[in-house]
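Here the structure comes first, spelled out in structure tokens, and everything after it is commentary.
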Amino acid sequence: NWKKMFANSSFAHPDYPLYIPAVNGFFIRLFSAKYTMVIPFIFNFAITLFIPVLIYLENLKKNIVVAAIVFSLFAFDTFFLRKGATQYADTTLAFFLLCAFICINYAGEGLKYITLCALSLGCCMWTKNEGTILAVIFMAFYARTFLSRKNIGAFAAGIVLPLLVFLVFKVVYAPDAAIVSGQNAQSFRQLFIKDRYDMVWDFFKNNVAQKYWYVKICVFIYLLLCLLERKMPDKQFFLLLLCTLAYTMIYILSRPSKSHFGVRQ
């Protein structure tokens, strides 16, 4: 009977990887039924808290003032807190991607960071379909590091379990993802419709202006410093830029109307 859940495509997303429902389901079964709603809240509350704490600890090593300001921005950002409380997979995906960035920055200090980085990328894939795209882009940017003779064993040790679980789920149980199964000639013709790009750009600008204005300021200051110091932006800047482009193309290919854009801001 549990396999019938994967046929519920009208009211659910049965193609989504099962990281969050699997974790919640595992711990819910350890407690009585009255805690059914408590376990998911605790899990998502912890993830929402881990993100600003990790960023704070990383910035603390460089500048305590900057660390305090960034932490305060998260603490008073009602949009971030509200999204964390909604218990969607996006916050968990963001957490694992953040972990991957932090671990790769310490890659030179030991193989354990390569393993943890690979594990984080594998968890990105096992959290949400878009996480697969982000993980592939990340691995492409750091392929030389991951696949070097010194690191390839540690990389394989970190990614093998989540990747194996992901592949078994996708090949054996999950239906095709909506963005894949719905592709046809008309979908690819959408790549050449200017109005769709205008629509995505308008929503992107509005989101940045209303919810991420401080990110826009930080990016501007960073690019200005790069210009003054006559150096190229860091590799990770271009990695995030490509991730943003990948999300844009998902919207271009799969979002048929303006009404859909309000769902995932």
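So you can find residues: chains in the structure tokens are A, B, ... in the order shown, residues in each start at 1, and ligands are numbered from 1 in order.
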| said: I want to know what sits within 12 Å of Thr244 of chain A, based on only C-alpha atoms, with residues of the same chain fewer than 4 positions away left out; could you give that as a ChimeraX atom specification? | reply: /A:130,133-134,137,200-201,204,237-240,248-251
Taking only C-alpha atoms into account, produce a table as a Markdown table in which each residue of segment 164-230 of chain A with an atom at most 12 Å from an atom of segment 64-73 of chain A appears once, together with its shortest atom pair and the distance in Å to one decimal, ordered by chain and rising number.
```
| residue | atom | partner | partner_atom | distance |
| --- | --- | --- | --- | --- |
| A:Lys211 | CA | A:Leu73 | CA | 11.1 |
| A:Tyr212 | CA | A:Leu73 | CA | 10.1 |
| A:Trp213 | CA | A:Leu73 | CA | 10.9 |
| A:Tyr214 | CA | A:Leu73 | CA | 8.5 |
| A:Val215 | CA | A:Leu73 | CA | 10.3 |
| A:Cys218 | CA | A:Val70 | CA | 10.7 |
```
Export of prior selection with N, CA and C atoms as an mmCIF file, in the first residue's frame:
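Result file is selection34.cif:
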```
data_model
loop_
_atom_site.group_PDB
_atom_site.id
_atom_site.type_symbol
_atom_site.label_atom_id
_atom_site.label_comp_id
_atom_site.auth_asym_id
_atom_site.auth_seq_id
_atom_site.Cartn_x
_atom_site.Cartn_y
_atom_site.Cartn_z
ATOM 1 N N LYS A 211 13.109 41.549 0.257
ATOM 2 C CA LYS A 211 13.507 40.568 1.267
ATOM 3 C C LYS A 211 15.013 40.406 1.422
ATOM 4 N N TYR A 212 15.783 40.753 0.388
ATOM 5 C CA TYR A 212 17.231 40.520 0.443
ATOM 6 C C TYR A 212 18.029 41.776 0.092
ATOM 7 N N TRP A 213 17.524 42.926 0.510
ATOM 8 C CA TRP A 213 18.184 44.184 0.160
ATOM 9 C C TRP A 213 19.616 44.231 0.678
ATOM 10 N N TYR A 214 19.865 43.624 1.848
ATOM 11 C CA TYR A 214 21.208 43.642 2.421
ATOM 12 C C TYR A 214 22.163 42.776 1.609
ATOM 13 N N VAL A 215 21.645 41.727 0.962
ATOM 14 C CA VAL A 215 22.483 40.903 0.098
ATOM 15 C C VAL A 215 22.929 41.719 -1.115
ATOM 16 N N CYS A 218 25.714 43.976 -0.041
ATOM 17 C CA CYS A 218 26.959 43.233 0.174
ATOM 18 C C CYS A 218 27.615 42.836 -1.147
#
```
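Residues in contact range of Ala89 of chain A, defined as at most 9 Å between only C-alpha atoms, with sequence neighbours fewer than 6 positions away removed, read Tyr19, Ile20, Thr127 and Lys128 of chain A.
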All heavy atoms of the current selection, written as a PDB file, in the first residue's frame:
```pdb
ATOM      1  N   TYR A  19      14.555  12.815   2.051  1.00  0.00           N
ATOM      2  CA  TYR A  19      15.382  13.100   3.242  1.00  0.00           C
ATOM      3  C   TYR A  19      14.540  13.566   4.427  1.00  0.00           C
ATOM      4  O   TYR A  19      14.592  12.994   5.517  1.00  0.00           O
ATOM      5  CB  TYR A  19      16.451  14.142   2.919  1.00  0.00           C
ATOM      6  CG  TYR A  19      17.316  14.477   4.120  1.00  0.00           C
ATOM      7  CD1 TYR A  19      18.418  13.691   4.438  1.00  0.00           C
ATOM      8  CD2 TYR A  19      17.009  15.549   4.956  1.00  0.00           C
ATOM      9  CE1 TYR A  19      19.197  13.972   5.536  1.00  0.00           C
ATOM     10  CE2 TYR A  19      17.783  15.829   6.058  1.00  0.00           C
ATOM     11  CZ  TYR A  19      18.875  15.045   6.351  1.00  0.00           C
ATOM     12  OH  TYR A  19      19.633  15.319   7.468  1.00  0.00           O
ATOM     13  N   ILE A  20      13.739  14.612   4.227  1.00  0.00           N
ATOM     14  CA  ILE A  20      12.976  15.182   5.333  1.00  0.00           C
ATOM     15  C   ILE A  20      11.885  14.233   5.830  1.00  0.00           C
ATOM     16  O   ILE A  20      11.794  13.972   7.042  1.00  0.00           O
ATOM     17  CB  ILE A  20      12.397  16.557   4.949  1.00  0.00           C
ATOM     18  CG1 ILE A  20      13.541  17.552   4.754  1.00  0.00           C
ATOM     19  CG2 ILE A  20      11.426  17.062   6.016  1.00  0.00           C
ATOM     20  CD1 ILE A  20      13.087  18.930   4.342  1.00  0.00           C
ATOM     21  N   THR A 127      17.675  15.778  -0.615  1.00  0.00           N
ATOM     22  CA  THR A 127      16.709  16.678   0.009  1.00  0.00           C
ATOM     23  C   THR A 127      15.683  17.194  -0.984  1.00  0.00           C
ATOM     24  O   THR A 127      14.488  17.290  -0.683  1.00  0.00           O
ATOM     25  CB  THR A 127      17.424  17.876   0.663  1.00  0.00           C
ATOM     26  OG1 THR A 127      18.327  17.392   1.656  1.00  0.00           O
ATOM     27  CG2 THR A 127      16.432  18.833   1.314  1.00  0.00           C
ATOM     28  N   LYS A 128      16.140  17.529  -2.198  1.00  0.00           N
ATOM     29  CA  LYS A 128      15.238  18.144  -3.174  1.00  0.00           C
ATOM     30  C   LYS A 128      15.803  17.949  -4.578  1.00  0.00           C
ATOM     31  O   LYS A 128      17.031  17.886  -4.754  1.00  0.00           O
ATOM     32  CB  LYS A 128      15.085  19.634  -2.861  1.00  0.00           C
ATOM     33  CG  LYS A 128      13.855  20.266  -3.466  1.00  0.00           C
ATOM     34  CD  LYS A 128      13.660  21.702  -2.977  1.00  0.00           C
ATOM     35  CE  LYS A 128      12.373  22.249  -3.567  1.00  0.00           C
ATOM     36  NZ  LYS A 128      12.188  23.674  -3.242  1.00  0.00           N
TER      37      LYS A 128
END
```
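Counting only C-alpha atoms, the residue from A:Phe188, A:Ala154, A:Ile28, A:Tyr247 that sits nearest to Thr132 of chain A is A:Tyr247.
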| request: Fewer than 5 positions away in the same chain doesn't count, so skip those; otherwise give me all residues within 12 Å of Asp15 of chain A, counting only C-alpha atoms, as a ChimeraX atom specification. | output: /A:5-10,126-130,166,169-181
| task | Please run DSSP on the backbone and report, as a PyMOL selection string, all residues within segment 16-210 of chain A that come out as helix (DSSP H, G or I). | result | chain A and resi 19-28+33-35+38-60+64-75+78-85+89-105+107-109+111-127+129-141+143-146+152-173+178-181+185-192+194-210
| Neighbours of Tyr106 of chain A within 12 Å (only C-alpha atoms; same-chain residues fewer than 4 positions away dropped), as a PyMOL selection string? | chain A and resi 58+99-102+110-117+145
Set the distance at 10 Å and use only C-alpha atoms: which residues neighbour segment 37-53 of chain A once local chain neighbours fewer than 2 positions away are removed? I'd like the list as a compact mmCIF listing (two decimals) with C-alpha atoms, in the first residue's frame.
```txt
# COMPACT_ATOMS: atom_id res chain seq x y z
CA ILE A 20 12.98 15.18 5.33
CA PRO A 21 10.03 12.74 5.46
CA VAL A 23 14.05 11.67 9.12
CA ASN A 24 10.69 12.81 10.48
CA GLY A 25 9.16 9.37 10.01
CA PHE A 26 12.06 7.62 11.75
CA PHE A 27 11.86 9.77 14.87
CA ILE A 28 8.06 9.92 14.94
CA PHE A 31 7.61 8.36 20.19
CA ALA A 33 1.36 9.56 18.29
CA LYS A 34 0.84 12.79 20.23
CA TYR A 35 4.31 13.97 19.14
CA ILE A 55 27.62 31.74 9.39
CA TYR A 56 28.20 33.55 12.68
CA LEU A 57 30.93 31.12 13.78
CA GLU A 58 32.71 31.35 10.43
CA ASN A 59 32.65 35.16 10.42
CA ALA A 67 29.66 38.31 12.57
CA VAL A 70 25.12 39.19 9.96
CA PHE A 71 23.68 37.18 12.83
CA SER A 72 21.36 40.07 13.71
CA LEU A 73 20.12 40.26 10.12
CA PHE A 74 19.05 36.62 10.34
CA ALA A 75 17.58 37.02 13.83
CA PHE A 80 13.72 33.83 6.78
CA LEU A 81 12.16 32.78 10.08
CA ARG A 82 8.73 32.33 8.51
CA LYS A 83 10.14 30.17 5.71
CA GLY A 84 12.00 28.08 8.26
CA ALA A 85 8.79 27.52 10.20
CA THR A 86 6.88 26.42 7.08
CA GLN A 87 9.01 23.25 7.05
CA TYR A 88 9.64 23.24 3.30
CA ALA A 89 12.71 21.47 1.94
CA THR A 91 15.75 25.66 4.11
CA THR A 92 17.28 22.21 4.61
CA LEU A 93 18.74 22.33 1.10
CA ALA A 94 20.27 25.74 1.89
CA PHE A 95 21.79 24.34 5.08
CA PHE A 96 23.53 21.45 3.31
CA LEU A 98 26.20 26.07 3.18
CA CYS A 99 27.92 23.10 4.86
```
| Between A:Phe79, A:Val136, A:Glu109, A:Arg29, which is the closest to Leu97 of chain A once you count only C-alpha atoms? | A:Val136
